[in-house]
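Trainee: Take this structure, written in structure tokens, and hold onto it; I'll ask about it next.
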Amino acid sequence: MKGIFIALLFAVSGVLADEETTLKTYTVSYADPEEIATIAPLMMPSTNGLVIQTFDRKLVVRGTAEQHTLVKQMLRDLDAPPKNIQINVDFGTTGRSRQRELGIRPKGPIVIRNGDAHGSFEGRFSNRSTTSSENTTQMLVAMDGRSASLRVGESVPYISWLTEYGCRHGYIREMEIEWKEVGSFLSVEPSIVSPGIIRVRLIPELRGRLKNGERQSIQFTHLATEVTAADGQTISIGGFREDKDFSSKFLIGSAPGGQSVNTTITLTPKILP
């Protein structure tokens, strides 16, 4: 039915056109054919006799020789292959721990009698803090507008807490999930929003296999973080600021023994030639 409508429309437009028109078909490989069909007439100096329809990722165009030339030029610009974007992701972890130590020292003279020490001793508590840091860098390449993922951790020590969190926010129905293997990932979606400007969207995700063999993934989309940077610019984000408790357990886990940990994520996107 659609083919009959297109044929009738082209027949009528051929009668009404002042200039001779021809019918040609153009394949659209990367862009959205509907968007090009909408944009093309707006960029034409004259749309007299021009008819554009879409069919199976193709543009079916009836127009003058000049209009066909302009359509070809637009396709070269709008239907170009998407560029690849390289992103270096650096995880910086700084931990600080405190330890309380007991020191014992003699108070007054010490007398050794028959191999035993006799005297008075006193104890004193002291606090000692230790700071440690670690950097891990991963590199990935994704097409403009597409997504890629990088692995944050081979194991997830707080998997029960994170699964319950996902249930509370409606990502899964059952709170009790029996994982066989699971890892934490970041879904990275880069997009070129203007020449030399890149927007990067980060989504935390759990991905793995259940004990029954089924695959399971949980994307925490409400914690997605977006940043914008110039080509080659390094920018830093402080984890998922909407929920710091989630960040501590998803990225690194809470440290034992009173240790406080701060994690930063640094991104450097680069448009590849």
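Labels for the structure tokens follow display order: chains A, B, ..., residues from 1 in each chain, ligands from 1.
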Identify, on the basis of only C-alpha atoms, every residue whose closest approach to stretch 64-81 of chain A does not exceed 7 Å; exclude the query and any residue fewer than 3 positions from it along the same chain; express the result as a list in words.

Mentor: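 In the requested format, the answer is Glu19, Glu20, Thr21, Thr22, Val28, Ser29, Tyr30, Ala31 and Ala40 of chain A.
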
Trainee: Print the selection's residues with C-alpha atoms to a file, as a PDB file, in the first residue's frame.

Mentor:
```
ATOM      1  CA  GLU A  19      11.422  21.552 -14.404  1.00  0.00           C
ATOM      2  CA  GLU A  20      12.108  18.020 -15.443  1.00  0.00           C
ATOM      3  CA  THR A  21      12.423  15.733 -12.423  1.00  0.00           C
ATOM      4  CA  THR A  22      13.918  12.290 -12.044  1.00  0.00           C
ATOM      5  CA  VAL A  28      21.420   5.681   4.237  1.00  0.00           C
ATOM      6  CA  SER A  29      24.039   3.702   6.158  1.00  0.00           C
ATOM      7  CA  TYR A  30      24.483   5.448   9.507  1.00  0.00           C
ATOM      8  CA  ALA A  31      22.042   8.331   9.996  1.00  0.00           C
ATOM      9  CA  ALA A  40      16.707  18.069   3.445  1.00  0.00           C
TER      10      ALA A  40
END
```

Trainee: Enter the distance from atom CA of A:Gln216 to atom CA of A:Ser149, in Å, rounded to one decimal.

Mentor: 15.6 Å

Trainee: With only C-alpha atoms as the counted atoms, please give the residues lying no more than 12 Å from stretch 177-186 of chain A, apart from itself and same-chain residues fewer than 4 positions off, as a PyMOL selection string.

Mentor: chain A and resi 89+91+138+140+147-164+166-167+172-173+200-221+223-225+239-240+247+249-253+265

Trainee: Pick the closest to A:Glu34 from A:Thr93, A:Ser46, A:Gln53, A:Ser236: which is it, counting only C-alpha atoms?

Mentor: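 With only C-alpha atoms as the atom set, the closest residue is A:Gln53.
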
Trainee: One decimal, in Å: what's the spacing between atom CA of A:Thr137 and atom CA of A:Thr268?

Mentor: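 If I compute the distance from atom CA of A:Thr137 to atom CA of A:Thr268, I get 10.7 Å.
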
Trainee: Can you work out the spacing between atom CA of A:Arg57 and atom CA of A:Met43 in Å, to one decimal?

Mentor: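 About the pair atom CA of A:Arg57 and atom CA of A:Met43: they are 20.7 Å apart.
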
Trainee: Excluding A:Pro82 and residues on its chain fewer than 6 positions from it, collect all residues at most 9 Å away from it, counting only C-alpha atoms, and give them as a PyMOL selection string.

Mentor: chain A and resi 30+143-145

Trainee: List every residue of stretch 33-236 of chain A that DSSP, applied to the backbone, labels as strand (DSSP E or B), and write the result as an MDAnalysis selection string.

Mentor: chainID A and resid 51:54 58:63 84:113 116:143 148:153 179:194 197:210 215:219 225:230 235:236
